[in-house]
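First comes the structure, then the notes that go with it.
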Amino acid sequence: MSNLRKILVNKKGTPCKSIWFMRQAGRYLPEFRKIRSQNQNFIELCLNSELSSEITLQPIKRFDLDSAIIFSDILMVPYALGQKVNFIKNQGPELSQFNLHNFLDVNEKEFSQKLDPVYKAIEITKKKLNKEKSLIAFIGAPWTLITYMLNVKSNKNEINLEKLTEENININQILNKLIKFLCIHIDNQINAGADVVQIFDSWAGLVPDKNIKDYCFIPNAKIVEYCRKNKIANICFPKGIKKKYEEFNRIVEPDGINLDYDVDPLWAKDKLKNVVLQGGLDPKKLLISEKEMLEGATKYIQIFKDIPYVFNLGHGLLPETDPDRVKKLIEFYRKY
Ligand code: 1CP
């Protein structure tokens with residue numbers, strides 16, 4: 001069994017260790033930027049199975065990491081559900097106007113067919129990856145996808161839910177269809193050879209308090225329940241919910257939980273039980289002095305030395321990160 005899966009399955013086992021980084025395949029790597037410059041359309045790049053597999057393996061070839069995360073994007077799901085998705089340079093993603101009728105009309109077969117190149121990329125990568133290493137599949141959690149699909153997030157990262165009420169949009173109807181199709185996407189990725197799934201709820205911190213149960217906890221819980229039934233090792237990342245990590249963990253019961261950089265690791269060790277902890281280190285620490293980066297890393301390694309812990313960051317690697325810093329951090333962790 002691959003290293004990461006073993007840790008997630010044996011929650012109470014020996015404090016075995018593992019290391020990988022969110023956004024380890026991406027813009028901070030010159031070898032990625034080279035491919036990217038020759039492929040202007042990001043969605044098409046994600047649908048190029050050979051290139052997607054090559055990009056997935058780039059950080060594995062360069063560094064001594066334990067897991068590969070498939071090169072794709074959480075917005076491939078809205079794409080497969082009929083929205084046009086555009087990535088505008090230095091601005092981020094832009095989706096075409098959401099159409100409820102078209103969205104509800106997409107069937108499972110059509111959805112899986114559109115994402116077939118992603119599954120092929122997983123198959124290709126699995127064959128090339130050392131058996132001890134995990135291949136991580138991922139999805140965006142329903143709420144985070146909705147923020148993009150319905151364009152409810154302003155540039156200042158504020159949420160305008162009134163807009164949805166005014167437009168008479170029934171969020172529960174959208175959530176339910178997303179949950180169903182996200183489970184299909186997980187299943188397809190696992191059948192193609194992935195052995196762990198990470199669920200990114202990157203904008204969970206923007207859910208208003210009164211909606212957190214309905215829009216964040218319950219949708220994540222339903223997806224994790226599906227994983228549990230199908231013995232799929234899972235990691236949740238409800239970024240930005242602060243002390244509500246505790247309630248999230250109690251309700252959702254994932255195998256693993258990724259800490260963001262605002263969560264105090266000592267608090268997490270005390271409050272988050274029956275779950276494997278992952279991540280936490282602020283990716284900005286890789287941009288300052290090497291000394292401060294290693295001090296930051298030491299804090300997490302020390303605190304979690306006697307429990308199963310997966311070394312990772314509190315969010316993805318930033319595009320301006322120096323790959324040599326990443327290398328130093330991994331070497332430091334290995335030696336520790
Ligand atoms: O312009 C470029 O070259 C594209 C940059 C890029 C990359 C490398 C985007 C655009 N997506 C990705 C790949 C990606 N996205 C991966 C696989 C690579 C890896 O992790 O090694 C993964 C797991 C994601 C997931 C993702 N996409 C998330 C969740 C994680 C997170 O960072 O919070 C989110 C929110 C997205 C949306 C997205 N994709 C890309 C951008 C610029 C954004 C918007 C982010 C934002 O709104 O701030």
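If you're wondering about the labels, chains in the structure tokens are A, B, ... by order shown, residues count from 1 in each chain, ligands from 1 in order shown.
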Close residues to ligand 1 using only C-alpha atoms and all ligand atoms, limit 9 Å, as a PyMOL selection string
chain A and resi 21-28+32-33+36-37+40+42+46+55-56+59+68-75+87-93+137-140+144-145+148+198-203+237+239+315-317+319
What residues in stretch 215-266 of chain A get the DSSP label alpha helix (DSSP H)? Please answer as a list of chain:residue names.
A:Ile218, A:Pro219, A:Asn220, A:Ala221, A:Lys222, A:Ile223, A:Val224, A:Glu225, A:Tyr226, A:Cys227, A:Arg228, A:Lys229, A:Tyr245, A:Glu246, A:Glu247, A:Phe248, A:Asn249, A:Arg250, A:Ile251, A:Val252, A:Pro265, A:Leu266
Among listed residues A:Ser67, A:Asn39, A:Ser112, A:Gln83, nearest A:Asn312 (using only C-alpha atoms):
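Once distances to A:Asn312 are computed over only C-alpha atoms, the minimum belongs to A:Ser67.
Of the residues listed (A:Asn230, A:Gly82, A:Asp264, A:Glu331), A:Asp264 shows the shortest atom-to-atom separation from A:Lys299; distances use only C-alpha atoms.
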So which one's closest to A:Leu287, A:Ile301, A:Glu320, A:Pro308, A:Cys227? Using only C-alpha atoms, please.
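Smallest distance to A:Leu287 is found for A:Glu320.
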Residues near stretch 265-270 of chain A, cut-off 7 Å, only C-alpha atoms, skip fewer than 2 positions along chain, as a ChimeraX atom specification
/A:263,272,300,303
Minimum-distance residue to A:Phe63, chosen among A:Thr125, A:Ile330, A:Val152, A:Tyr336 (using only C-alpha atoms):
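Closest to A:Phe63, using only C-alpha atoms: A:Ile330.
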Output as a list of chain:residue names all residues of stretch 99-193 of chain A that backbone DSSP marks as strand (DSSP E or B).
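Assigned to strand (DSSP E or B), within stretch 99-193 of chain A: A:Ser134, A:Leu135, A:Ile136, A:Ala137, A:Phe138, A:Ile139, A:Gly140, A:Lys153, A:Ile159.
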Quick one: of A:Ser49, A:Leu286, A:Leu100, A:Phe181, who's nearest to A:Glu167, counting only C-alpha atoms?
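The answer is A:Leu100, which sits nearest to A:Glu167.
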For atom CA of A:Lys109 and atom CA of A:Trp143, determine how far apart the two atoms are, in Å to one decimal place.
23.6 Å
Using only C-alpha atoms, which of A:Ser2, A:Ser18, A:Asn188, A:Gln97 sits nearest A:Tyr333?
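Using only C-alpha atoms, A:Tyr333 sits closest to A:Ser18.
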Go through stretch 71-190 of chain A and flag each residue having an atom no more than 10 Å from stretch 216-224 of chain A; for those, report the closest pair of atoms plus their distance in Å to one decimal, using only C-alpha atoms, ordered by chain and rising number, as JSON lines.
{"residue": "A:Ala141", "atom": "CA", "partner": "A:Asn220", "partner_atom": "CA", "distance": 6.7}
{"residue": "A:Pro142", "atom": "CA", "partner": "A:Pro219", "partner_atom": "CA", "distance": 6.7}
{"residue": "A:Trp143", "atom": "CA", "partner": "A:Cys216", "partner_atom": "CA", "distance": 6.4}
{"residue": "A:Thr144", "atom": "CA", "partner": "A:Cys216", "partner_atom": "CA", "distance": 8.9}
{"residue": "A:Asn172", "atom": "CA", "partner": "A:Pro219", "partner_atom": "CA", "distance": 9.9}
{"residue": "A:Leu175", "atom": "CA", "partner": "A:Pro219", "partner_atom": "CA", "distance": 7.3}
{"residue": "A:Asn176", "atom": "CA", "partner": "A:Pro219", "partner_atom": "CA", "distance": 8.2}
{"residue": "A:Leu178", "atom": "CA", "partner": "A:Pro219", "partner_atom": "CA", "distance": 9.1}
{"residue": "A:Ile179", "atom": "CA", "partner": "A:Ile223", "partner_atom": "CA", "distance": 6.6}
{"residue": "A:Lys180", "atom": "CA", "partner": "A:Ile223", "partner_atom": "CA", "distance": 8.4}
{"residue": "A:Leu182", "atom": "CA", "partner": "A:Ile223", "partner_atom": "CA", "distance": 7.8}
{"residue": "A:Cys183", "atom": "CA", "partner": "A:Ile223", "partner_atom": "CA", "distance": 6.5}
{"residue": "A:Ile186", "atom": "CA", "partner": "A:Ile223", "partner_atom": "CA", "distance": 9.2}
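Residues surrounding stretch 256-259 of chain A within 7 Å are A:Leu8, A:Asn234, A:Ile235, A:Cys236, A:Phe237, A:Pro254, A:Tyr261, A:Val263, A:Val275, A:Val276, A:Leu277, A:Gln278, A:Gly279, A:Gly280, A:Gly314 [only C-alpha atoms; sequence separation below 2 positions excluded].
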Keeping only N, CA and C atoms, write those residues as an mmCIF file, in the first residue's frame.
data_model
loop_
_atom_site.group_PDB
_atom_site.id
_atom_site.type_symbol
_atom_site.label_atom_id
_atom_site.label_comp_id
_atom_site.auth_asym_id
_atom_site.auth_seq_id
_atom_site.Cartn_x
_atom_site.Cartn_y
_atom_site.Cartn_z
ATOM 1 N N LEU A 8 -3.266 7.155 6.405
ATOM 2 C CA LEU A 8 -4.668 7.565 6.554
ATOM 3 C C LEU A 8 -5.538 6.408 7.031
ATOM 4 N N ASN A 234 -9.409 9.666 2.470
ATOM 5 C CA ASN A 234 -9.767 11.055 2.148
ATOM 6 C C ASN A 234 -9.145 12.060 3.102
ATOM 7 N N ILE A 235 -8.892 13.250 2.573
ATOM 8 C CA ILE A 235 -8.361 14.367 3.368
ATOM 9 C C ILE A 235 -9.216 15.597 3.067
ATOM 10 N N CYS A 236 -9.703 16.276 4.117
ATOM 11 C CA CYS A 236 -10.490 17.494 3.905
ATOM 12 C C CYS A 236 -9.648 18.736 4.172
ATOM 13 N N PHE A 237 -9.973 19.805 3.479
ATOM 14 C CA PHE A 237 -9.277 21.077 3.705
ATOM 15 C C PHE A 237 -10.295 22.218 3.761
ATOM 16 N N PRO A 254 -13.408 13.020 8.638
ATOM 17 C CA PRO A 254 -12.545 12.582 7.532
ATOM 18 C C PRO A 254 -11.377 11.743 8.043
ATOM 19 N N TYR A 261 -2.808 27.934 7.604
ATOM 20 C CA TYR A 261 -1.742 28.613 8.363
ATOM 21 C C TYR A 261 -2.269 29.430 9.535
ATOM 22 N N VAL A 263 -4.419 28.137 11.763
ATOM 23 C CA VAL A 263 -4.761 27.220 12.854
ATOM 24 C C VAL A 263 -3.513 26.983 13.713
ATOM 25 N N VAL A 275 -8.143 11.723 13.725
ATOM 26 C CA VAL A 275 -7.942 12.200 12.361
ATOM 27 C C VAL A 275 -6.444 12.415 12.167
ATOM 28 N N VAL A 276 -5.954 12.150 10.969
ATOM 29 C CA VAL A 276 -4.538 12.402 10.677
ATOM 30 C C VAL A 276 -4.386 13.876 10.308
ATOM 31 N N LEU A 277 -3.442 14.561 10.955
ATOM 32 C CA LEU A 277 -3.238 15.979 10.666
ATOM 33 C C LEU A 277 -2.228 16.139 9.532
ATOM 34 N N GLN A 278 -2.476 17.140 8.720
ATOM 35 C CA GLN A 278 -1.591 17.419 7.580
ATOM 36 C C GLN A 278 -1.402 18.929 7.468
ATOM 37 N N GLY A 279 -0.200 19.333 7.046
ATOM 38 C CA GLY A 279 0.034 20.719 6.643
ATOM 39 C C GLY A 279 0.127 21.719 7.761
ATOM 40 N N GLY A 280 -0.074 22.990 7.409
ATOM 41 C CA GLY A 280 -0.101 24.068 8.387
ATOM 42 C C GLY A 280 0.884 25.182 8.098
ATOM 43 N N GLY A 314 0.082 25.283 4.712
ATOM 44 C CA GLY A 314 -1.239 25.769 5.117
ATOM 45 C C GLY A 314 -2.058 26.278 3.949
#
